[in-house]
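Trainee: Structure: input36.txt, compact mmCIF, C-alpha atoms.
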# COMPACT_ATOMS: atom_id res chain seq x y z
CA MET D 1 -11.15 -7.27 0.61
CA LYS D 2 -10.02 -10.63 -0.73
CA THR D 3 -6.57 -9.96 -2.13
CA GLN D 4 -5.22 -13.45 -2.75
CA ARG D 5 -6.74 -16.59 -4.19
CA ILE D 6 -5.74 -20.03 -2.96
CA GLY D 7 -6.56 -23.28 -4.71
CA LEU D 8 -7.22 -26.03 -2.17
CA ILE D 9 -7.08 -29.63 -3.37
CA ARG D 10 -9.02 -32.40 -1.62
CA VAL D 11 -7.73 -35.87 -2.41
CA LEU D 12 -11.04 -37.61 -2.22
CA THR D 13 -13.91 -37.41 -4.66
CA THR D 14 -17.10 -35.96 -3.29
CA GLU D 15 -20.23 -34.25 -4.58
CA ASP D 16 -21.08 -33.06 -1.07
CA LYS D 17 -20.35 -29.36 -1.30
CA ASP D 18 -20.12 -28.93 2.48
CA LEU D 19 -17.54 -31.69 2.79
CA LEU D 20 -15.63 -30.43 -0.25
CA GLU D 21 -15.41 -26.91 1.15
CA LEU D 22 -14.93 -27.75 4.81
CA HIS D 23 -11.16 -27.19 4.87
CA GLY D 24 -11.31 -24.15 2.60
CA LYS D 25 -13.90 -22.50 4.80
CA LYS D 26 -11.76 -23.07 7.87
CA VAL D 27 -8.79 -21.45 6.12
CA MET D 28 -10.94 -18.45 5.17
CA SER D 29 -12.18 -18.12 8.75
CA TRP D 30 -8.53 -17.93 9.89
CA PHE D 31 -7.37 -15.66 7.05
CA PRO D 32 -10.38 -13.61 5.94
CA GLU D 33 -8.30 -11.80 3.32
CA LEU D 34 -7.86 -15.05 1.38
CA GLU D 35 -10.32 -16.47 -1.09
CA VAL D 36 -10.04 -20.25 -1.03
CA VAL D 37 -11.54 -22.33 -3.84
CA SER D 38 -11.76 -26.08 -3.18
CA ARG D 39 -11.63 -28.77 -5.85
CA CYS D 40 -11.35 -32.54 -5.52
CA ILE D 41 -9.71 -35.22 -7.63
CA PRO D 42 -12.08 -37.32 -9.80
CA ASP D 43 -13.00 -41.00 -9.42
CA GLN D 44 -11.54 -41.67 -5.96
CA PRO D 45 -14.48 -41.56 -3.53
CA GLU D 46 -12.37 -43.42 -0.97
CA GLY D 47 -9.48 -41.02 -1.30
CA ILE D 48 -5.89 -42.14 -0.72
CA HIS D 49 -5.39 -45.07 1.62
CA ASP D 50 -2.40 -46.99 0.26
CA ASP D 51 0.46 -46.74 -2.25
CA ALA D 52 -1.69 -47.75 -5.21
CA THR D 53 -4.38 -45.13 -4.55
CA GLU D 54 -1.65 -42.52 -3.94
CA GLN D 55 0.01 -43.27 -7.27
CA MET D 56 -3.39 -43.04 -8.92
CA ALA D 57 -4.04 -39.64 -7.29
CA VAL D 58 -0.73 -37.92 -8.11
CA PRO D 59 -1.39 -37.04 -11.79
CA LYS D 60 -4.91 -35.88 -10.87
CA VAL D 61 -3.54 -33.53 -8.22
CA VAL D 62 -0.96 -32.26 -10.71
CA ASN D 63 -3.74 -31.49 -13.19
CA LEU D 64 -5.85 -29.63 -10.65
CA ALA D 65 -2.86 -27.59 -9.49
CA LYS D 66 -1.93 -26.63 -13.05
CA GLU D 67 -5.54 -25.66 -13.67
CA PHE D 68 -5.53 -23.39 -10.61
CA GLU D 69 -2.28 -21.79 -11.73
CA SER D 70 -3.56 -21.19 -15.26
CA GLU D 71 -6.58 -19.46 -13.76
CA GLY D 72 -4.33 -16.99 -11.95
CA PHE D 73 -4.46 -18.41 -8.42
CA ASP D 74 -1.70 -17.26 -6.04
CA GLY D 75 -0.91 -20.50 -4.19
CA ILE D 76 -1.87 -24.15 -3.87
CA LEU D 77 -2.72 -26.03 -0.68
CA ILE D 78 -2.83 -29.81 -0.93
CA SER D 79 -4.94 -30.78 2.04
CA CYS D 80 -3.45 -34.19 2.83
CA ALA D 81 -0.65 -35.14 5.21
CA GLY D 82 0.68 -37.56 2.61
CA ASP D 83 1.67 -34.55 0.46
CA PRO D 84 0.57 -36.23 -2.78
CA ALA D 85 2.13 -34.57 -5.86
CA VAL D 86 3.96 -31.94 -3.81
CA ASN D 87 7.28 -33.29 -5.08
CA GLU D 88 6.05 -33.41 -8.66
CA LEU D 89 4.71 -29.85 -8.51
CA LYS D 90 7.36 -27.93 -6.63
CA ASP D 91 9.65 -27.44 -9.64
CA VAL D 92 6.85 -27.07 -12.17
CA LEU D 93 4.61 -24.29 -10.87
CA SER D 94 5.61 -20.67 -10.48
CA ILE D 95 3.31 -20.21 -7.49
CA PRO D 96 3.99 -21.71 -4.03
CA VAL D 97 2.65 -25.20 -3.30
CA VAL D 98 2.27 -26.58 0.22
CA GLY D 99 1.26 -30.00 1.45
CA ALA D 100 -0.21 -30.49 4.89
CA GLY D 101 2.30 -33.17 5.96
CA ARG D 102 5.53 -31.40 5.23
CA THR D 103 4.34 -28.05 6.58
CA THR D 104 3.11 -29.67 9.81
CA ALA D 105 6.54 -31.23 10.26
CA CYS D 106 8.22 -27.89 9.58
CA ILE D 107 6.09 -25.97 12.07
CA ALA D 108 6.70 -28.73 14.64
CA LEU D 109 10.44 -28.32 14.07
CA SER D 110 10.20 -24.62 14.94
CA PHE D 111 10.10 -25.30 18.65
CA ASP D 112 13.31 -27.34 18.75
CA LEU D 113 11.77 -29.88 21.12
CA PRO D 114 11.28 -33.67 20.85
CA ILE D 115 8.50 -34.41 18.37
CA GLY D 116 5.92 -37.19 18.24
CA VAL D 117 3.76 -37.95 15.23
CA LEU D 118 0.12 -38.95 15.66
CA GLY D 119 -1.55 -40.29 12.52
CA ILE D 120 -4.03 -42.84 11.34
CA THR D 121 -1.81 -44.87 9.00
CA ASP D 122 0.74 -47.59 9.77
CA GLU D 123 3.65 -45.48 8.58
CA VAL D 124 4.70 -41.89 9.14
CA PRO D 125 4.11 -40.01 5.85
CA VAL D 126 7.33 -39.86 3.81
CA GLY D 127 7.44 -36.05 3.56
CA MET D 128 7.06 -35.63 7.32
CA LYS D 129 9.77 -38.21 8.00
CA ALA D 130 12.17 -36.45 5.63
CA VAL D 131 11.73 -33.17 7.49
CA LEU D 132 11.72 -34.49 11.05
CA ARG D 133 14.63 -36.95 10.81
CA ASP D 134 16.07 -37.54 14.29
CA ARG D 135 13.80 -34.95 15.93
CA MET D 136 10.92 -37.45 15.74
CA ILE D 137 11.32 -39.59 18.83
CA ALA D 138 8.02 -41.47 18.68
CA TRP D 139 4.92 -41.99 16.61
CA THR D 140 1.67 -43.80 17.08
CA LYS D 141 -1.90 -44.11 15.87
CA PRO D 142 -5.07 -44.32 17.94
CA SER D 143 -6.21 -47.91 18.40
CA GLY D 144 -9.18 -48.87 16.26
CA VAL D 145 -8.83 -45.86 13.99
CA THR D 146 -8.12 -46.52 10.33
CA SER D 147 -10.03 -43.74 8.64
CA THR D 148 -11.11 -40.17 9.20
CA LEU D 149 -14.62 -41.43 9.93
CA ASP D 150 -13.39 -43.50 12.89
CA LEU D 151 -11.95 -40.31 14.38
CA MET D 152 -15.39 -38.78 14.62
CA THR D 153 -16.87 -41.36 16.99
CA PRO D 154 -16.63 -40.86 20.79
CA THR D 155 -14.37 -43.94 21.00
CA GLY D 156 -12.17 -42.65 18.19
CA ARG D 157 -11.81 -39.31 19.90
CA SER D 158 -11.01 -40.86 23.27
CA ASN D 159 -8.48 -43.26 21.71
CA THR D 160 -6.86 -40.29 20.00
CA LEU D 161 -6.40 -38.60 23.37
CA ASN D 162 -4.98 -41.83 24.81
CA ALA D 163 -2.49 -42.05 21.95
CA ALA D 164 -1.41 -38.46 22.61
CA GLU D 165 -0.93 -39.28 26.29
CA GLU D 166 1.22 -42.26 25.27
CA LEU D 167 3.45 -39.95 23.21
CA LYS D 168 3.76 -37.63 26.21
CA GLN D 169 4.90 -40.54 28.40
CA LYS D 170 7.69 -41.16 25.90
CA GLY D 171 9.05 -37.64 26.35
CA VAL D 172 7.38 -35.97 23.39
CA LYS D 173 6.91 -32.20 23.81
CA VAL D 174 5.41 -31.38 20.41
CA ILE D 175 2.77 -33.49 18.66
CA ALA D 176 2.55 -33.29 14.87
CA LEU D 177 -0.83 -34.51 13.66
CA ALA D 178 -0.42 -36.57 10.50
CA CYS D 179 -3.94 -36.54 9.09
CA THR D 180 -6.02 -33.58 7.93
CA GLY D 181 -9.08 -35.49 9.16
CA MET D 182 -7.83 -34.46 12.60
CA ALA D 183 -8.18 -30.85 11.47
CA THR D 184 -11.73 -31.62 10.36
CA ILE D 185 -12.70 -32.72 13.86
CA GLY D 186 -10.70 -29.94 15.52
CA VAL D 187 -8.91 -32.31 17.88
CA ALA D 188 -5.67 -30.30 18.20
CA PRO D 189 -6.87 -27.86 20.90
CA LEU D 190 -8.43 -30.78 22.78
CA ILE D 191 -5.13 -32.70 22.84
CA ALA D 192 -3.25 -29.54 23.78
CA LYS D 193 -5.59 -28.90 26.68
CA GLU D 194 -5.49 -32.50 27.95
CA THR D 195 -1.74 -33.05 27.64
CA GLY D 196 -0.35 -29.53 27.98
CA LEU D 197 1.84 -30.25 24.94
CA ILE D 198 2.29 -28.14 21.81
CA VAL D 199 0.07 -29.62 19.09
CA VAL D 200 0.37 -28.83 15.39
CA ASP D 201 -2.86 -29.02 13.38
CA PRO D 202 -2.03 -29.96 9.76
CA LEU D 203 -4.53 -27.66 8.08
CA LYS D 204 -3.50 -24.69 10.21
CA ALA D 205 0.17 -25.44 9.51
CA ALA D 206 -0.34 -25.59 5.75
CA ALA D 207 -2.45 -22.44 5.73
CA ALA D 208 0.06 -20.57 7.91
CA ALA D 209 3.06 -21.56 5.80
CA LEU D 210 1.34 -20.57 2.58
CA TRP D 211 0.02 -17.30 4.04
CA THR D 212 3.56 -16.38 5.13
CA VAL D 213 4.88 -16.30 1.57
CA LEU D 214 1.97 -14.80 -0.33
CA LYS D 215 3.24 -11.83 -2.28
CA GLU D 216 0.69 -9.23 -1.35
CA GLY D 217 -1.78 -8.51 1.41
CA GLY D 218 -0.96 -8.02 5.04
CA ASN D 219 2.22 -6.04 4.54
CA MET A 23 -12.59 -10.48 20.47
CA LYS A 24 -8.97 -10.87 21.55
CA THR A 25 -8.73 -14.43 22.76
CA GLN A 26 -4.99 -14.95 23.09
CA ARG A 27 -2.19 -12.80 24.45
CA ILE A 28 1.29 -12.88 22.97
CA GLY A 29 4.36 -11.41 24.60
CA LEU A 30 6.69 -9.98 21.97
CA ILE A 31 10.30 -9.32 22.95
CA ARG A 32 12.42 -6.69 21.19
CA VAL A 33 16.14 -7.14 21.73
CA LEU A 34 17.05 -3.51 21.65
CA THR A 35 16.33 -0.92 24.29
CA THR A 36 14.08 1.92 23.21
CA GLU A 37 11.79 4.47 24.80
CA ASP A 38 10.21 5.19 21.44
CA LYS A 39 6.80 3.59 21.82
CA ASP A 40 6.18 3.46 18.06
CA LEU A 41 9.44 1.65 17.43
CA LEU A 42 8.86 -0.68 20.38
CA GLU A 43 5.41 -1.65 19.18
CA LEU A 44 6.10 -1.72 15.44
CA HIS A 45 6.43 -5.51 15.15
CA GLY A 46 3.61 -6.22 17.58
CA LYS A 47 1.24 -3.98 15.66
CA LYS A 48 2.10 -5.75 12.42
CA VAL A 49 1.34 -9.11 14.05
CA MET A 50 -2.01 -7.79 15.31
CA SER A 51 -2.86 -6.48 11.84
CA TRP A 52 -2.26 -9.99 10.48
CA PHE A 53 -4.01 -11.82 13.33
CA PRO A 54 -6.64 -9.45 14.75
CA GLU A 55 -7.72 -12.04 17.33
CA LEU A 56 -4.33 -11.78 19.06
CA GLU A 57 -3.36 -9.19 21.60
CA VAL A 58 0.36 -8.55 21.33
CA VAL A 59 2.21 -6.77 24.11
CA SER A 60 5.76 -5.62 23.28
CA ARG A 61 8.58 -5.24 25.78
CA CYS A 62 12.28 -4.59 25.24
CA ILE A 63 15.40 -5.65 27.08
CA PRO A 64 17.03 -2.97 29.29
CA ASP A 65 20.35 -1.17 28.79
CA GLN A 66 21.11 -2.25 25.21
CA PRO A 67 20.16 0.70 23.00
CA GLU A 68 22.28 -0.75 20.20
CA GLY A 69 20.66 -4.15 20.45
CA ILE A 70 22.54 -7.32 19.58
CA HIS A 71 25.35 -6.98 17.07
CA ASP A 72 28.00 -9.50 18.12
CA ASP A 73 28.60 -12.48 20.44
CA ALA A 74 29.27 -10.30 23.48
CA THR A 75 26.07 -8.30 23.13
CA GLU A 76 24.14 -11.51 22.49
CA GLN A 77 25.48 -13.13 25.65
CA MET A 78 24.55 -9.98 27.54
CA ALA A 79 21.01 -10.07 26.15
CA VAL A 80 20.16 -13.72 26.84
CA PRO A 81 19.40 -13.50 30.58
CA LYS A 82 17.39 -10.32 29.97
CA VAL A 83 15.25 -12.07 27.35
CA VAL A 84 14.79 -15.01 29.73
CA ASN A 85 13.57 -12.61 32.43
CA LEU A 86 11.09 -10.88 30.14
CA ALA A 87 9.74 -14.22 28.89
CA LYS A 88 9.26 -15.53 32.43
CA GLU A 89 7.53 -12.30 33.34
CA PHE A 90 5.12 -12.69 30.40
CA GLU A 91 4.41 -16.28 31.40
CA SER A 92 3.76 -15.36 35.02
CA GLU A 93 1.26 -12.76 33.82
CA GLY A 94 -0.73 -15.44 31.99
CA PHE A 95 0.38 -14.80 28.41
CA ASP A 96 -0.24 -17.63 25.90
CA GLY A 97 2.95 -17.52 23.85
CA ILE A 98 6.26 -15.70 23.40
CA LEU A 99 7.66 -14.27 20.17
CA ILE A 100 11.32 -13.26 20.23
CA SER A 101 11.57 -10.82 17.36
CA CYS A 102 15.17 -11.40 16.31
CA ALA A 103 16.59 -13.77 13.69
CA GLY A 104 19.42 -14.62 16.07
CA ASP A 105 16.87 -16.42 18.30
CA PRO A 106 18.47 -15.12 21.52
CA ALA A 107 17.44 -17.19 24.57
CA VAL A 108 15.18 -19.48 22.55
CA ASN A 109 17.36 -22.46 23.52
CA GLU A 110 17.41 -21.42 27.15
CA LEU A 111 13.65 -20.96 27.29
CA LYS A 112 12.27 -23.89 25.33
CA ASP A 113 12.54 -26.39 28.20
CA VAL A 114 11.68 -23.89 30.91
CA LEU A 115 8.39 -22.31 29.94
CA SER A 116 5.09 -24.12 29.68
CA ILE A 117 3.89 -21.85 26.86
CA PRO A 118 5.27 -21.98 23.30
CA VAL A 119 8.29 -19.81 22.47
CA VAL A 120 9.31 -18.93 18.93
CA GLY A 121 12.31 -17.06 17.59
CA ALA A 122 12.21 -15.34 14.22
CA GLY A 123 15.31 -17.08 12.86
CA ARG A 124 14.41 -20.67 13.46
CA THR A 125 10.79 -20.24 12.36
CA THR A 126 11.86 -18.49 9.15
CA ALA A 127 14.15 -21.42 8.38
CA CYS A 128 11.35 -23.89 9.12
CA ILE A 129 8.81 -22.15 6.88
CA ALA A 130 11.46 -21.94 4.14
CA LEU A 131 11.99 -25.69 4.48
CA SER A 132 8.28 -26.30 3.84
CA PHE A 133 8.66 -25.84 0.11
CA ASP A 134 11.40 -28.47 -0.32
CA LEU A 135 13.34 -26.24 -2.72
CA PRO A 136 16.91 -24.87 -2.62
CA ILE A 137 17.14 -22.13 0.01
CA GLY A 138 19.24 -18.98 0.16
CA VAL A 139 19.67 -16.86 3.27
CA LEU A 140 19.76 -13.07 3.02
CA GLY A 141 20.87 -11.30 6.20
CA ILE A 142 22.86 -8.34 7.40
CA THR A 143 25.50 -10.13 9.48
CA ASP A 144 28.68 -11.92 8.41
CA GLU A 145 27.39 -15.30 9.50
CA VAL A 146 24.12 -17.14 9.07
CA PRO A 147 22.38 -17.18 12.48
CA VAL A 148 23.12 -20.46 14.31
CA GLY A 149 19.48 -21.48 14.74
CA MET A 150 18.74 -21.03 11.05
CA LYS A 151 21.83 -23.00 10.06
CA ALA A 152 20.84 -25.88 12.35
CA VAL A 153 17.43 -26.13 10.70
CA LEU A 154 18.47 -25.62 7.09
CA ARG A 155 21.53 -27.90 7.01
CA ASP A 156 22.23 -28.94 3.41
CA ARG A 157 19.08 -27.27 2.06
CA MET A 158 20.84 -23.90 2.31
CA ILE A 159 22.81 -23.61 -0.92
CA ALA A 160 23.85 -19.96 -0.64
CA TRP A 161 23.78 -16.96 1.59
CA THR A 162 24.74 -13.33 1.27
CA LYS A 163 24.27 -9.87 2.68
CA PRO A 164 23.61 -6.63 0.82
CA SER A 165 26.78 -4.64 0.26
CA GLY A 166 27.18 -1.63 2.53
CA VAL A 167 24.48 -2.82 4.93
CA THR A 168 25.54 -3.54 8.49
CA SER A 169 22.50 -2.45 10.45
CA THR A 170 18.74 -2.21 10.14
CA LEU A 171 19.10 1.52 9.59
CA ASP A 172 21.20 0.97 6.45
CA LEU A 173 18.34 -1.11 5.04
CA MET A 174 16.03 1.88 5.10
CA THR A 175 18.04 4.05 2.71
CA PRO A 176 17.36 3.91 -1.06
CA THR A 177 20.86 2.47 -1.59
CA GLY A 178 20.30 -0.13 1.13
CA ARG A 179 17.05 -1.19 -0.42
CA SER A 180 18.49 -1.41 -3.91
CA ASN A 181 21.53 -3.37 -2.66
CA THR A 182 19.14 -5.75 -0.90
CA LEU A 183 17.38 -6.41 -4.20
CA ASN A 184 20.75 -6.96 -5.90
CA ALA A 185 21.73 -9.47 -3.23
CA ALA A 186 18.47 -11.34 -3.76
CA GLU A 187 19.12 -11.41 -7.51
CA GLU A 188 22.58 -12.83 -6.79
CA LEU A 189 21.00 -15.66 -4.77
CA LYS A 190 18.64 -16.36 -7.66
CA GLN A 191 21.58 -16.66 -10.07
CA LYS A 192 22.99 -19.36 -7.79
CA GLY A 193 19.88 -21.49 -8.15
CA VAL A 194 18.06 -20.41 -5.00
CA LYS A 195 14.26 -20.84 -5.19
CA VAL A 196 13.34 -19.76 -1.66
CA ILE A 197 14.88 -16.78 0.15
CA ALA A 198 14.88 -16.82 3.95
CA LEU A 199 15.36 -13.29 5.32
CA ALA A 200 17.66 -13.37 8.32
CA CYS A 201 16.90 -10.04 9.97
CA THR A 202 13.63 -8.79 11.42
CA GLY A 203 14.68 -5.31 10.31
CA MET A 204 13.75 -6.59 6.85
CA ALA A 205 10.25 -7.16 8.18
CA THR A 206 10.22 -3.59 9.48
CA ILE A 207 10.84 -2.21 6.01
CA GLY A 208 8.51 -4.73 4.35
CA VAL A 209 11.06 -5.78 1.76
CA ALA A 210 9.85 -9.38 1.32
CA PRO A 211 7.03 -8.66 -1.16
CA LEU A 212 9.36 -6.35 -3.06
CA ILE A 213 11.98 -9.08 -3.44
CA ALA A 214 9.30 -11.62 -4.34
CA LYS A 215 7.95 -9.35 -7.06
CA GLU A 216 11.38 -8.52 -8.49
CA THR A 217 12.81 -12.05 -8.48
CA GLY A 218 9.68 -14.21 -8.71
CA LEU A 219 11.10 -16.33 -5.88
CA ILE A 220 9.37 -17.42 -2.68
CA VAL A 221 10.47 -15.06 0.11
CA VAL A 222 10.02 -15.74 3.82
CA ASP A 223 9.58 -12.67 6.02
CA PRO A 224 10.93 -13.44 9.52
CA LEU A 225 8.23 -11.66 11.49
CA LYS A 226 5.44 -13.25 9.46
CA ALA A 227 7.08 -16.67 9.86
CA ALA A 228 7.36 -16.34 13.64
CA ALA A 229 3.81 -15.04 13.97
CA ALA A 230 2.43 -17.80 11.72
CA ALA A 231 4.24 -20.59 13.58
CA LEU A 232 3.10 -19.32 16.96
CA TRP A 233 -0.49 -18.76 15.77
CA THR A 234 -0.62 -22.34 14.48
CA VAL A 235 -0.16 -23.83 17.95
CA LEU A 236 -2.17 -21.46 20.11
CA LYS A 237 -4.61 -23.50 22.14
CA GLU A 238 -7.78 -21.60 21.49
CA GLY A 239 -9.21 -19.20 18.97
CA GLY A 240 -9.72 -19.90 15.32
CA ASN A 241 -10.86 -23.49 15.72
Show me the file's structure as structure tokens.
Mentor:
Amino acid sequence: MKTQRIGLIRVLTTEDKDLLELHGKKVMSWFPELEVVSRCIPDQPEGIHDDATEQMAVPKVVNLAKEFESEGFDGILISCAGDPAVNELKDVLSIPVVGAGRTTACIALSFDLPIGVLGITDEVPVGMKAVLRDRMIAWTKPSGVTSTLDLMTPTGRSNTLNAAEELKQKGVKVIALACTGMATIGVAPLIAKETGLIVVDPLKAAAAALWTVLKEGGN
Amino acid sequence: MKTQRIGLIRVLTTEDKDLLELHGKKVMSWFPELEVVSRCIPDQPEGIHDDATEQMAVPKVVNLAKEFESEGFDGILISCAGDPAVNELKDVLSIPVVGAGRTTACIALSFDLPIGVLGITDEVPVGMKAVLRDRMIAWTKPSGVTSTLDLMTPTGRSNTLNAAEELKQKGVKVIALACTGMATIGVAPLIAKETGLIVVDPLKAAAAALWTVLKEGGN
């Protein structure tokens, strides 16, 4: 029985139902008792890729989240490691809101070991940085990868593994993945197997954190 | 199909199989794909209740964890908010180790809101304090409650709710429960319902954090 309803927000505009629901379906496969409804922000087919597009997205995410709350949803998952609008929403909604970046950082912190961040942008997402502080000893991005699409090629995948190996050489024991596109391609278990390190998948982290605080179900 | 095996360590000695397996069975009800095997430390029927009993327990927890690892288990959950032996184990084992205190603090941190700790001891557990730093704005314990058993009485339960209300008055938005005995009695959803706050159950938090980084299953 589905006891709780989660609103999942994708920060890129798509009419491809499979793509739209990809993350939500993964969450439901992990937590079958949850019903996850996915919605995306309007008019940003290229998603968020710099400060300007993030600023543009924030009010749209806020609107979608408020809409979910008004429809009686029990929690909001913003499926982006940049945590867009998480700050704006946390004091406004009466239901829990998680972003994939901050929750990934928090789960990584659980193990009290040196953390490395592996993303696809030039900077570590602000929310992750704020959580990790001095526990982040290194970060990197795979060479030649600038978008989620690049991750899906054989070269992108192999460069991602090389980047993880590089973090390991620097003494990293826990890798925090800083892009939900890495959840899409399911690269976390691959990196864990290759490096032997603990790897935190951002979609799993966000789903797990939100699941933990849902008011009913599973008790 | 059970794909992953978790070793769960109880830090009190018991021959009561139901009590021993209570936490493990909860974890399996939440994550049916996990097999959880529970073991308890020897010769401490009263568990951990001060520094001396904690020091006594640490090497016993280390032994149990090493035993689980040598038997091929995939992760270790130390079911105590005091995180006994988590520090000692984190650099020693090649499988992930979580303690209920630190993971509860980390999940609480996910929401980026003012946190209050509700426990049954006079001090906030060290591991939780280290994670929460200045995000913990208040902490308290229910009056008249000094052990898990006290929590189970009607008075204990009602005093726990009063303590949560007190935290709310101080501006707390997220309550981190600092005793796995509170998971035993399932008080988190009760507090959440009464106060409207986000409440982090320590057993759920530890299970969720460990599940997030398991190498296979659910991907």
Trainee: Give me, as a short mmCIF file (atom, residue, chain, number, x, y, z; two decimals) with C-alpha atoms, in the coordinates of the input, the residues of chain D touching chain A, with the criterion being at most 9 Å (counting all atoms listed in the file).
Mentor:
data_model
loop_
_atom_site.label_atom_id
_atom_site.label_comp_id
_atom_site.auth_asym_id
_atom_site.auth_seq_id
_atom_site.Cartn_x
_atom_site.Cartn_y
_atom_site.Cartn_z
CA LYS D 26 -11.76 -23.07 7.87
CA SER D 29 -12.18 -18.12 8.75
CA TRP D 30 -8.53 -17.93 9.89
CA PHE D 31 -7.37 -15.66 7.05
CA VAL D 86 3.96 -31.94 -3.81
CA ASN D 87 7.28 -33.29 -5.08
CA LYS D 90 7.36 -27.93 -6.63
CA ASP D 91 9.65 -27.44 -9.64
CA SER D 94 5.61 -20.67 -10.48
CA ILE D 95 3.31 -20.21 -7.49
CA PRO D 96 3.99 -21.71 -4.03
CA VAL D 97 2.65 -25.20 -3.30
CA VAL D 98 2.27 -26.58 0.22
CA GLY D 99 1.26 -30.00 1.45
CA ARG D 102 5.53 -31.40 5.23
CA THR D 103 4.34 -28.05 6.58
CA THR D 104 3.11 -29.67 9.81
CA ALA D 105 6.54 -31.23 10.26
CA CYS D 106 8.22 -27.89 9.58
CA ILE D 107 6.09 -25.97 12.07
CA ALA D 108 6.70 -28.73 14.64
CA LEU D 109 10.44 -28.32 14.07
CA SER D 110 10.20 -24.62 14.94
CA PHE D 111 10.10 -25.30 18.65
CA ASP D 112 13.31 -27.34 18.75
CA LEU D 113 11.77 -29.88 21.12
CA VAL D 131 11.73 -33.17 7.49
CA ALA D 183 -8.18 -30.85 11.47
CA GLY D 186 -10.70 -29.94 15.52
CA ALA D 188 -5.67 -30.30 18.20
CA PRO D 189 -6.87 -27.86 20.90
CA LEU D 190 -8.43 -30.78 22.78
CA ALA D 192 -3.25 -29.54 23.78
CA LYS D 193 -5.59 -28.90 26.68
CA GLY D 196 -0.35 -29.53 27.98
CA LEU D 197 1.84 -30.25 24.94
CA ILE D 198 2.29 -28.14 21.81
CA VAL D 199 0.07 -29.62 19.09
CA VAL D 200 0.37 -28.83 15.39
CA ASP D 201 -2.86 -29.02 13.38
CA LYS D 204 -3.50 -24.69 10.21
CA ALA D 205 0.17 -25.44 9.51
CA ALA D 206 -0.34 -25.59 5.75
CA ALA D 207 -2.45 -22.44 5.73
CA ALA D 208 0.06 -20.57 7.91
CA ALA D 209 3.06 -21.56 5.80
CA LEU D 210 1.34 -20.57 2.58
CA TRP D 211 0.02 -17.30 4.04
CA THR D 212 3.56 -16.38 5.13
CA VAL D 213 4.88 -16.30 1.57
CA LEU D 214 1.97 -14.80 -0.33
CA LYS D 215 3.24 -11.83 -2.28
CA GLU D 216 0.69 -9.23 -1.35
CA GLY D 218 -0.96 -8.02 5.04
CA ASN D 219 2.22 -6.04 4.54
#
Trainee: With all atoms listed in the file as the basis for distance, which of A:Pro106, A:Pro176, A:Gly46, A:Pro136 is at the shortest distance from Glu76 (chain A)?
Mentor: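 Of the candidates, the smallest distance to Glu76 (chain A) is held by A:Pro106.
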Trainee: Which value, in Å to one decimal, gives the distance between CA of Leu171 (chain A) and CA of Ala87 (chain A)?
Mentor: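 Pair CA of Leu171 (chain A) / CA of Ala87 (chain A) returns 26.6 Å.
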Trainee: Report the distance between CA of His23 (chain D) and CA of Val92 (chain D) in Å, rounded to one decimal place.
Mentor: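 About the pair CA of His23 (chain D) and CA of Val92 (chain D): they are 24.8 Å apart.
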Trainee: Measure the distance from CA of Ser92 (chain A) to CA of Leu115 (chain A) in Å and round it to one decimal.
Mentor: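 If I compute the distance from CA of Ser92 (chain A) to CA of Leu115 (chain A), I get 9.8 Å.
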Trainee: Residues proximal to (3.8, -34.6, -9.1) were defined as those with any atom within 6 Å of that point in the file's coordinates, counting all atoms listed in the file. Which are they, as a list of chain:residue names?
Mentor: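 Those within range, by chain then number, are D:Val58, D:Val62, D:Ala85, D:Val86, D:Asn87, D:Glu88, D:Leu89.
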Trainee: Take the residues that were just selected and, keeping C-alpha atoms, output them as a JSON list (two decimals), in the frame of the given file.
Mentor:
[["chain", "number", "residue", "atom", "x", "y", "z"],
["D", 58, "VAL", "CA", -0.73, -37.92, -8.11],
["D", 62, "VAL", "CA", -0.96, -32.26, -10.71],
["D", 85, "ALA", "CA", 2.13, -34.57, -5.86],
["D", 86, "VAL", "CA", 3.96, -31.94, -3.81],
["D", 87, "ASN", "CA", 7.28, -33.29, -5.08],
["D", 88, "GLU", "CA", 6.05, -33.41, -8.66],
["D", 89, "LEU", "CA", 4.71, -29.85, -8.51]]
Trainee: Would you kindly return, as a VMD selection string, each protein, DNA or RNA residue with an atom no farther than 12 Å from any atom of Leu41 (chain A), considering only C-alpha atoms and excluding same-chain residues fewer than 3 positions away?
Mentor: chain A and resid 32 to 38 44 to 48 60 to 62 203 206
Trainee: With C-alpha atoms kept, could you save the residues just selected as an mmCIF file, keeping the file's coordinate frame?
Mentor:
data_model
loop_
_atom_site.group_PDB
_atom_site.id
_atom_site.type_symbol
_atom_site.label_atom_id
_atom_site.label_comp_id
_atom_site.auth_asym_id
_atom_site.auth_seq_id
_atom_site.Cartn_x
_atom_site.Cartn_y
_atom_site.Cartn_z
ATOM 1 C CA ARG A 32 12.420 -6.690 21.190
ATOM 2 C CA VAL A 33 16.140 -7.140 21.730
ATOM 3 C CA LEU A 34 17.050 -3.510 21.650
ATOM 4 C CA THR A 35 16.330 -0.920 24.290
ATOM 5 C CA THR A 36 14.080 1.920 23.210
ATOM 6 C CA GLU A 37 11.790 4.470 24.800
ATOM 7 C CA ASP A 38 10.210 5.190 21.440
ATOM 8 C CA LEU A 44 6.100 -1.720 15.440
ATOM 9 C CA HIS A 45 6.430 -5.510 15.150
ATOM 10 C CA GLY A 46 3.610 -6.220 17.580
ATOM 11 C CA LYS A 47 1.240 -3.980 15.660
ATOM 12 C CA LYS A 48 2.100 -5.750 12.420
ATOM 13 C CA SER A 60 5.760 -5.620 23.280
ATOM 14 C CA ARG A 61 8.580 -5.240 25.780
ATOM 15 C CA CYS A 62 12.280 -4.590 25.240
ATOM 16 C CA GLY A 203 14.680 -5.310 10.310
ATOM 17 C CA THR A 206 10.220 -3.590 9.480
#
